[in-house]
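Participant: mmCIF, C-alpha atoms and all ligand atoms, file my_file.cif:
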```
data_input
loop_
_atom_site.label_atom_id
_atom_site.label_comp_id
_atom_site.auth_asym_id
_atom_site.auth_seq_id
_atom_site.Cartn_x
_atom_site.Cartn_y
_atom_site.Cartn_z
CA MET Z 799 -2.91 -16.58 -15.93
CA ALA Z 800 -1.67 -14.39 -13.07
CA GLU Z 801 -3.67 -11.57 -11.50
CA ALA Z 802 -2.15 -8.95 -13.85
CA GLY Z 803 -3.21 -10.98 -16.88
CA ARG Z 804 -6.73 -11.34 -15.54
CA PHE Z 805 -6.96 -7.58 -14.97
CA ALA Z 806 -5.63 -6.88 -18.50
CA LEU Z 807 -8.49 -9.07 -19.75
CA LEU Z 808 -10.93 -6.72 -17.98
CA SER Z 809 -9.56 -3.72 -19.87
CA ARG Z 810 -9.91 -5.64 -23.14
CA LEU Z 811 -13.54 -6.43 -22.23
CA GLY Z 812 -14.17 -2.74 -21.57
CA ILE Z 813 -14.75 -3.19 -17.82
CA ASP Z 814 -13.26 0.19 -17.09
CA PRO Z 815 -12.47 2.63 -15.73
CA ALA Z 816 -11.03 0.90 -12.71
CA VAL Z 817 -11.92 2.32 -9.31
CA GLY Z 818 -8.24 3.19 -8.86
CA THR Z 819 -8.30 5.41 -11.95
CA LEU Z 820 -11.36 7.33 -10.72
CA VAL Z 821 -9.97 7.73 -7.22
CA HIS Z 822 -6.63 8.96 -8.55
CA ALA Z 823 -8.36 11.60 -10.69
CA ALA Z 824 -10.58 12.69 -7.76
CA LEU Z 825 -7.61 13.01 -5.41
CA ASP Z 826 -5.61 14.92 -8.02
CA GLU Z 827 -8.44 17.43 -8.36
CA ALA Z 828 -8.90 17.72 -4.57
CA ILE Z 829 -5.19 18.24 -3.96
CA THR Z 830 -4.91 20.77 -6.79
CA THR Z 831 -7.75 22.76 -5.16
CA ALA Z 832 -6.06 22.52 -1.75
CA GLU Z 833 -2.74 23.69 -3.20
CA GLN Z 834 -4.39 27.02 -3.98
CA ARG Z 835 -4.84 27.50 -0.23
CA SER Z 836 -1.68 26.01 1.09
CA PRO Z 837 1.00 25.40 -1.54
CA GLY Z 838 3.39 22.76 -0.25
CA ALA Z 839 1.37 22.34 2.96
CA VAL Z 840 -1.64 20.26 1.97
CA ALA Z 841 -2.93 18.17 4.89
CA ALA Z 842 -4.42 14.80 3.98
CA LEU Z 843 -6.03 12.03 6.02
CA ASP Z 844 -6.55 8.42 4.97
CA ALA Z 845 -9.47 7.48 7.21
CA GLY Z 846 -9.51 3.71 7.71
CA CYS Z 847 -6.13 3.48 6.06
CA GLY Z 848 -5.41 -0.25 6.34
CA ARG Z 849 -2.16 -1.06 4.57
CA VAL Z 850 -2.41 0.64 1.15
CA SER Z 851 -3.38 4.19 0.24
CA ALA Z 852 -4.23 5.82 -3.08
CA LEU Z 853 -2.96 9.04 -1.47
CA ARG Z 854 0.55 7.59 -1.47
CA ALA Z 855 0.99 8.51 -5.16
CA PHE Z 856 0.55 12.16 -4.12
CA ARG Z 857 3.06 12.02 -1.25
CA PRO Z 858 5.35 14.70 -2.81
CA ARG Z 859 2.40 17.13 -2.87
CA ILE Z 860 1.24 16.44 0.71
CA GLY Z 861 2.77 18.40 3.58
CA ARG Z 862 1.09 16.42 6.39
CA PHE Z 863 -0.03 12.88 5.64
CA VAL Z 864 -1.99 11.18 8.43
CA GLY Z 865 -3.43 7.68 8.54
CA ALA Z 866 -6.14 6.61 10.99
CA ASP Z 867 -7.58 3.18 11.65
CA ILE Z 868 -9.44 1.35 14.36
CA HIS Z 869 -6.40 -0.83 15.03
CA GLU Z 870 -2.61 -0.77 14.65
CA PRO Z 871 -1.41 -1.33 11.06
CA SER Z 872 -0.31 -4.89 10.28
CA VAL Z 873 2.74 -3.58 8.35
CA PRO Z 874 4.88 -0.43 8.68
CA LEU Z 875 3.41 2.56 6.82
CA PRO Z 876 6.48 4.67 5.98
CA HIS Z 877 4.53 6.93 3.61
CA LEU Z 878 2.66 8.45 6.58
CA ASP Z 879 3.87 11.32 8.76
CA GLU Z 880 1.52 10.23 11.55
CA PHE Z 881 -0.69 7.29 12.38
CA ALA Z 882 -3.51 7.44 14.94
CA ILE Z 883 -5.84 4.78 16.29
CA VAL Z 884 -9.28 6.35 15.90
CA ASP Z 885 -12.71 4.75 15.78
CA LEU Z 886 -14.20 6.97 13.09
CA CYS Z 887 -17.73 6.15 14.26
CA VAL Z 888 -17.05 7.20 17.83
CA SER Z 889 -14.14 9.60 18.30
CA ALA Z 890 -15.35 13.06 17.29
CA ASP Z 891 -12.22 14.38 18.98
CA GLY Z 892 -9.91 12.07 17.01
CA PHE Z 893 -8.58 15.17 15.25
CA ALA Z 894 -9.06 18.89 15.72
CA GLU Z 895 -11.80 20.57 13.70
CA ARG Z 896 -10.73 21.71 10.22
CA SER Z 897 -7.45 19.75 10.27
CA PHE Z 898 -7.44 18.44 6.69
CA ASP Z 899 -7.79 19.66 3.12
CA VAL Z 900 -8.38 16.20 1.67
CA VAL Z 901 -9.76 13.03 3.26
CA LEU Z 902 -9.82 9.64 1.56
CA SER Z 903 -11.90 6.83 3.03
CA SER Z 904 -11.47 3.80 0.81
CA PHE Z 905 -13.64 0.69 1.26
CA THR Z 906 -14.48 1.62 4.83
CA LEU Z 907 -18.11 2.79 4.80
CA GLU Z 908 -19.37 -0.80 4.52
CA HIS Z 909 -17.58 -1.58 7.80
CA PHE Z 910 -18.90 1.36 9.82
CA THR Z 911 -21.30 0.51 12.66
CA ASP Z 912 -22.46 4.16 12.70
CA PRO Z 913 -21.93 5.70 9.25
CA THR Z 914 -23.88 8.86 10.21
CA ALA Z 915 -21.47 9.58 13.05
CA ALA Z 916 -18.43 8.70 10.94
CA LEU Z 917 -19.45 11.08 8.12
CA ALA Z 918 -20.19 13.84 10.65
CA ASN Z 919 -16.71 13.34 12.12
CA LEU Z 920 -15.02 13.45 8.71
CA ARG Z 921 -17.01 16.60 7.88
CA ARG Z 922 -15.82 18.19 11.15
CA TRP Z 923 -12.16 17.44 10.41
CA ILE Z 924 -12.19 18.83 6.84
CA ARG Z 925 -11.55 22.52 6.26
CA PRO Z 926 -14.08 24.66 4.34
CA GLY Z 927 -13.51 24.10 0.65
CA GLY Z 928 -11.86 20.74 1.36
CA SER Z 929 -12.83 17.40 -0.17
CA LEU Z 930 -13.84 13.90 0.84
CA VAL Z 931 -13.29 10.94 -1.50
CA ILE Z 932 -15.06 7.69 -0.62
CA THR Z 933 -15.16 4.27 -2.23
CA THR Z 934 -17.51 1.57 -1.05
CA VAL Z 935 -19.64 -1.36 -2.14
CA ASN Z 936 -23.14 -1.05 -3.59
CA ARG Z 937 -25.90 -3.17 -2.04
CA ARG Z 938 -28.00 -2.70 -5.18
CA HIS Z 939 -25.68 -5.16 -6.94
CA PRO Z 940 -27.28 -8.59 -6.40
CA PHE Z 941 -23.97 -10.35 -5.58
CA VAL Z 942 -22.96 -7.63 -3.13
CA ALA Z 943 -26.41 -7.79 -1.51
CA ALA Z 944 -26.12 -11.58 -1.23
CA TYR Z 945 -22.63 -11.33 0.27
CA LEU Z 946 -23.66 -8.66 2.80
CA GLY Z 947 -26.86 -10.55 3.57
CA LEU Z 948 -25.09 -13.79 4.53
CA PRO Z 949 -25.13 -14.69 8.20
CA ASP Z 950 -21.86 -13.75 9.93
CA GLY Z 951 -20.48 -17.29 10.15
CA PRO Z 952 -20.65 -18.30 6.45
CA ARG Z 953 -19.57 -14.80 5.38
CA ARG Z 954 -16.52 -14.94 7.62
CA ARG Z 955 -15.59 -18.28 6.02
CA LEU Z 956 -15.98 -16.78 2.50
CA GLN Z 957 -14.11 -13.51 3.15
CA PRO Z 958 -10.59 -15.04 3.11
CA LEU Z 959 -11.28 -16.38 -0.41
CA VAL Z 960 -11.54 -12.85 -1.81
CA LYS Z 961 -9.07 -11.09 0.50
CA ALA Z 962 -5.27 -11.01 0.28
CA THR Z 963 -4.89 -12.05 3.92
CA THR Z 964 -7.16 -13.03 6.79
CA ALA Z 965 -6.15 -9.75 8.46
CA ASP Z 966 -7.92 -7.93 5.60
CA ALA Z 967 -11.26 -9.64 6.30
CA HIS Z 968 -12.84 -6.93 8.48
CA PRO Z 969 -16.36 -7.23 9.92
CA LEU Z 970 -18.97 -6.05 7.41
CA VAL Z 971 -22.05 -4.02 8.33
CA GLY Z 972 -23.32 -2.39 5.11
CA ALA Z 973 -25.62 0.09 6.88
CA CYS Z 974 -25.21 2.89 4.30
CA ASN Z 975 -24.42 1.16 1.05
CA ASP Z 976 -26.49 2.23 -1.89
CA PRO Z 977 -26.26 5.42 -3.95
CA ALA Z 978 -29.39 7.06 -2.48
CA ALA Z 979 -28.43 6.29 1.13
CA ILE Z 980 -24.90 7.61 0.62
CA ARG Z 981 -26.12 10.82 -1.01
CA ALA Z 982 -28.62 11.39 1.79
CA ALA Z 983 -26.07 10.66 4.53
CA LEU Z 984 -23.47 12.99 2.99
CA GLY Z 985 -26.08 15.75 2.61
CA ALA Z 986 -27.22 15.28 6.22
CA ALA Z 987 -23.60 15.50 7.39
CA GLY Z 988 -23.29 18.88 5.65
CA PHE Z 989 -21.38 17.98 2.50
CA SER Z 990 -22.21 19.63 -0.82
CA GLY Z 991 -21.22 19.19 -4.47
CA ILE Z 992 -21.77 15.43 -4.15
CA ARG Z 993 -20.60 13.57 -7.29
CA LEU Z 994 -21.35 9.85 -7.26
CA THR Z 995 -20.17 7.33 -9.83
CA THR Z 996 -20.66 3.57 -9.94
CA VAL Z 997 -18.30 1.07 -11.54
CA GLY Z 998 -18.09 -2.67 -12.02
CA HIS Z 999 -15.29 -3.71 -9.67
CA LEU Z 1000 -16.12 -7.25 -8.56
CA ALA Z 1001 -13.75 -9.04 -10.93
CA ARG Z 1002 -10.88 -6.88 -9.69
CA ALA Z 1003 -11.92 -7.07 -6.02
CA TRP Z 1004 -12.38 -10.85 -6.15
CA GLY Z 1005 -9.64 -11.43 -8.73
CA ARG Z 1006 -7.01 -13.18 -6.63
CA ARG Z 1007 -8.26 -16.61 -7.69
CA TRP Z 1008 -9.77 -17.81 -10.97
CA PRO Z 1009 -13.17 -19.01 -9.62
CA THR Z 1010 -13.89 -15.81 -7.68
CA PHE Z 1011 -12.55 -13.70 -10.59
CA ALA Z 1012 -14.99 -15.48 -12.94
CA LEU Z 1013 -17.89 -14.91 -10.54
CA GLY Z 1014 -16.94 -11.25 -10.19
CA LEU Z 1015 -16.66 -10.89 -13.97
CA LEU Z 1016 -20.15 -12.34 -14.36
CA GLY Z 1017 -21.37 -9.83 -11.77
CA ASP Z 1018 -19.72 -6.92 -13.57
CA LEU Z 1019 -21.09 -7.98 -16.96
CA LEU Z 1020 -24.64 -8.50 -15.60
CA THR Z 1021 -24.84 -4.96 -14.23
CA GLY Z 1022 -22.66 -3.07 -16.72
CA ALA Z 1023 -25.65 -1.44 -18.41
CA MET Z 1024 -27.38 -0.59 -15.09
CA PRO Z 1025 -25.37 2.16 -13.40
CA SER Z 1026 -27.35 2.14 -10.15
CA ARG Z 1027 -26.59 -1.57 -9.71
CA ARG Z 1028 -22.85 -1.64 -10.45
CA SER Z 1029 -20.87 -3.13 -7.60
CA THR Z 1030 -18.85 -0.18 -6.44
CA ILE Z 1031 -19.48 3.44 -5.58
CA VAL Z 1032 -16.95 6.27 -5.84
CA VAL Z 1033 -18.07 9.58 -4.32
CA VAL Z 1034 -16.50 12.99 -4.12
CA ALA Z 1035 -18.04 15.59 -1.80
CA ARG Z 1036 -16.99 19.03 -0.63
CA VAL Z 1037 -17.27 20.90 2.62
CA PRO Z 1038 -19.00 24.17 1.75
CA GLY Z 1039 -16.88 27.29 1.93
CA GLU Z 1040 -14.09 28.93 0.06
CA VAL Z 1041 -10.55 27.61 -0.10
CA ALA Z 1042 -9.06 30.71 1.52
C1 LIG W 1101 -11.37 -3.07 3.60
S1 LIG W 1101 -10.23 -2.22 4.60
C2 LIG W 1101 -9.69 -0.91 3.52
C3 LIG W 1101 -8.30 -0.45 3.84
C4 LIG W 1101 -7.75 0.64 2.91
N1 LIG W 1101 -8.49 1.87 3.07
C5 LIG W 1101 -7.78 0.19 1.48
O1 LIG W 1101 -8.44 0.84 0.64
O2 LIG W 1101 -7.13 -0.83 1.18
C6 LIG W 1101 -11.24 -1.36 5.77
C7 LIG W 1101 -10.44 -0.58 6.80
O3 LIG W 1101 -11.31 0.23 7.58
C8 LIG W 1101 -10.92 0.11 8.95
N2 LIG W 1101 -12.07 0.43 9.78
C9 LIG W 1101 -13.24 -0.23 9.84
N3 LIG W 1101 -14.06 0.36 10.72
C10 LIG W 1101 -13.39 1.44 11.21
C11 LIG W 1101 -13.71 2.45 12.15
N4 LIG W 1101 -14.88 2.47 12.77
N5 LIG W 1101 -12.78 3.39 12.42
C12 LIG W 1101 -11.57 3.35 11.80
N6 LIG W 1101 -11.23 2.43 10.89
C13 LIG W 1101 -12.12 1.47 10.61
C14 LIG W 1101 -10.46 -1.33 9.06
O4 LIG W 1101 -9.69 -1.57 10.21
C15 LIG W 1101 -9.69 -1.50 7.76
O5 LIG W 1101 -8.35 -1.11 7.86
#
```
Give the structure from this file in structure tokens form.
Facilitator:
Amino acid sequence: MAEAGRFALLSRLGIDPAVGTLVHAALDEAITTAEQRSPGAVAALDAGCGRVSALRAFRPRIGRFVGADIHEPSVPLPHLDEFAIVDLCVSADGFAERSFDVVLSSFTLEHFTDPTAALANLRRWIRPGGSLVITTVNRRHPFVAAYLGLPDGPRRRLQPLVKATTADAHPLVGACNDPAAIRAALGAAGFSGIRLTTVGHLARAWGRRWPTFALGLLGDLLTGAMPSRRSTIVVVARVPGEVA
């Protein structure tokens, strides 16, 4: 069975909603709010953009679409208006204050060496009334904890098994990766209206091959009834202030 068939099996087993569905809904809401301020001129940043972006589906509604990552993209990113090399944990001046209405940072937090600094930077770059959407892994899931807890060497050897390419196997840190830590860090960075959801995402994330899909499915089923332990966290937070 190909990947699509495996993922259809997840829907049949009720392992839903998928992270992608939640992120799409969160971005739709954030962009709709931003459109009240700047119809046709919404500014969006994909922070740690890699190669794929959930913001791409909203391209017709985004006036300025910027991608930032710590290194050059491995493929062309024609959906972006601009790309910038920015270390989100370091470069407070990566963008001007209040540059963006919507920021997405998808599966990046677990890689940040200084999540506190990164969240403060994102907060600085978002306009009052603007939104941040984050997805990341949850250390409270036992498989995620085991994976993050592996010594660097064995983990680096395992990463290519669950990633599309070796280039996607980025160094993992996991310094701010459970629901309580994320809530606290977002609050400390000055975000409000924090809405945090957890979902079982391991079978999808590890679904490129049958053995890792099966392990992920077991992980999703084991924690399905324990929201604080599901593998993946989706958070929406706002920068206080009116969309003016
Ligand atoms: C797992 S990939 C996710 C890529 C993309 N956001 C997605 O959802 O497919 C993590 C991305 O975060 C980037 N990244 C990690 N640490 C970063 C940092 N300190 N500053 C900027 N980008 C960073 C990596 O280079 C990589 O592109």
Participant: Using all atoms listed in the file, which protein or nucleic acid residues are at most 7 Å from ligand LIG 1101 (chain W), as a list in words?
Facilitator: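 If we count all atoms listed in the file, the neighbours of ligand LIG 1101 (chain W) turn out to be Ala845, Gly846, Cys847, Gly848, Arg849, Val850, Ser851, Ala866, Asp867, Ile868, His869, Val884, Asp885, Leu886, Cys887, Ser903, Ser904, Phe905, Thr906, His909, Phe910, Thr911, Asp966 and His968 of chain Z.
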Participant: When you draw a straight line from atom CA of Pro926 of chain Z to atom CA of Glu1040 of chain Z, how long is it in Å?
Facilitator: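 For atom CA of Pro926 of chain Z relative to atom CA of Glu1040 of chain Z, the distance reads 6.0 Å.
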Participant: Which polymer residues, whether protein, DNA or RNA, lie within 12 Å of the coordinate (-7.0, 22.9, -2.9) when you count all atoms listed in the file? List them as a PyMOL selection string, using the chain letters and numbers from the file.
Facilitator: chain Z and resi 824-842+859-860+898-901+924-930+1036-1037+1039-1042
Participant: Calculate how many Å separate atom CA of Gly892 of chain Z from atom CA of Ile1031 of chain Z, rounding to one decimal.
Facilitator: 26.0 Å
Participant: Which residue out of Z:Ser990, Z:Thr1010, Z:Thr996, Z:Asn936 has the minimum interatomic distance to Leu956 of chain Z when only C-alpha atoms are used?
Facilitator: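 Once distances to Leu956 of chain Z are computed over only C-alpha atoms, the minimum belongs to Z:Thr1010.
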Participant: In Å, rounded to a single decimal, give me how far atom CA of Val1032 of chain Z is from atom CA of Asn919 of chain Z.
Facilitator: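 Distance reported for this atom pair: 19.3 Å.
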Participant: Measuring between only C-alpha atoms, which one of Z:Lys961, Z:His822, Z:Arg922, Z:Arg862 shows the shortest distance to Gly1005 of chain Z?
Facilitator: Z:Lys961
Participant: In terms of the shortest atom-to-atom distance over only C-alpha atoms, which of Z:Ala973, Z:Ala986, Z:Leu1015, Z:Leu959 is closest to Leu907 of chain Z?
Facilitator: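 Using only C-alpha atoms, Leu907 of chain Z sits closest to Z:Ala973.
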Participant: When distances are computed from all atoms listed in the file, which of Z:Thr1030, Z:Val960, Z:Arg854, Z:Pro1025 shows the smallest separation from Ala1012 of chain Z?
Facilitator: Z:Val960
Participant: Ranking Z:Arg921, Z:Arg953, Z:His939, Z:His877 by minimum distance to Ala983 of chain Z and counting only C-alpha atoms, which one comes first?
Facilitator: Z:Arg921
Participant: Using all atoms listed in the file, can you tell me which of Z:Pro913, Z:Gly818, Z:Pro949, Z:Pro1009 comes closest to Thr933 of chain Z?
Facilitator: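 That would be Z:Gly818, the residue with the smallest distance to Thr933 of chain Z.
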Participant: Neighbours of Arg1028 of chain Z within 8 Å (all atoms listed in the file; same-chain residues fewer than 5 positions away dropped), as a list of chain:residue names?
Facilitator: Z:Asn936, Z:Arg938, Z:His939, Z:Thr996, Z:Val997, Z:Gly998, Z:His999, Z:Asp1018, Z:Thr1021, Z:Gly1022
Participant: Need the shell around Leu1020 of chain Z: protein/DNA/RNA residues with any atom at most 12 Å away, counting all atoms listed in the file. Skip same-chain ones fewer than 6 positions apart. Format as an MDAnalysis selection string?
Facilitator: chainID Z and resid 813 939:941 998 1000:1001 1013:1014 1027:1029
Participant: Around all the atoms of segment 997-1004 of chain Z listed in the file, draw an axis-aligned box and extend it by 8 Å on each of the six sides; I want its centre and edge lengths in Å to one decimal, as JSON.
Facilitator:
```
{"center_x": -14.6, "center_y": -4.9, "center_z": -9.0, "size_x": 23.4, "size_y": 27.9, "size_z": 22.0}
```
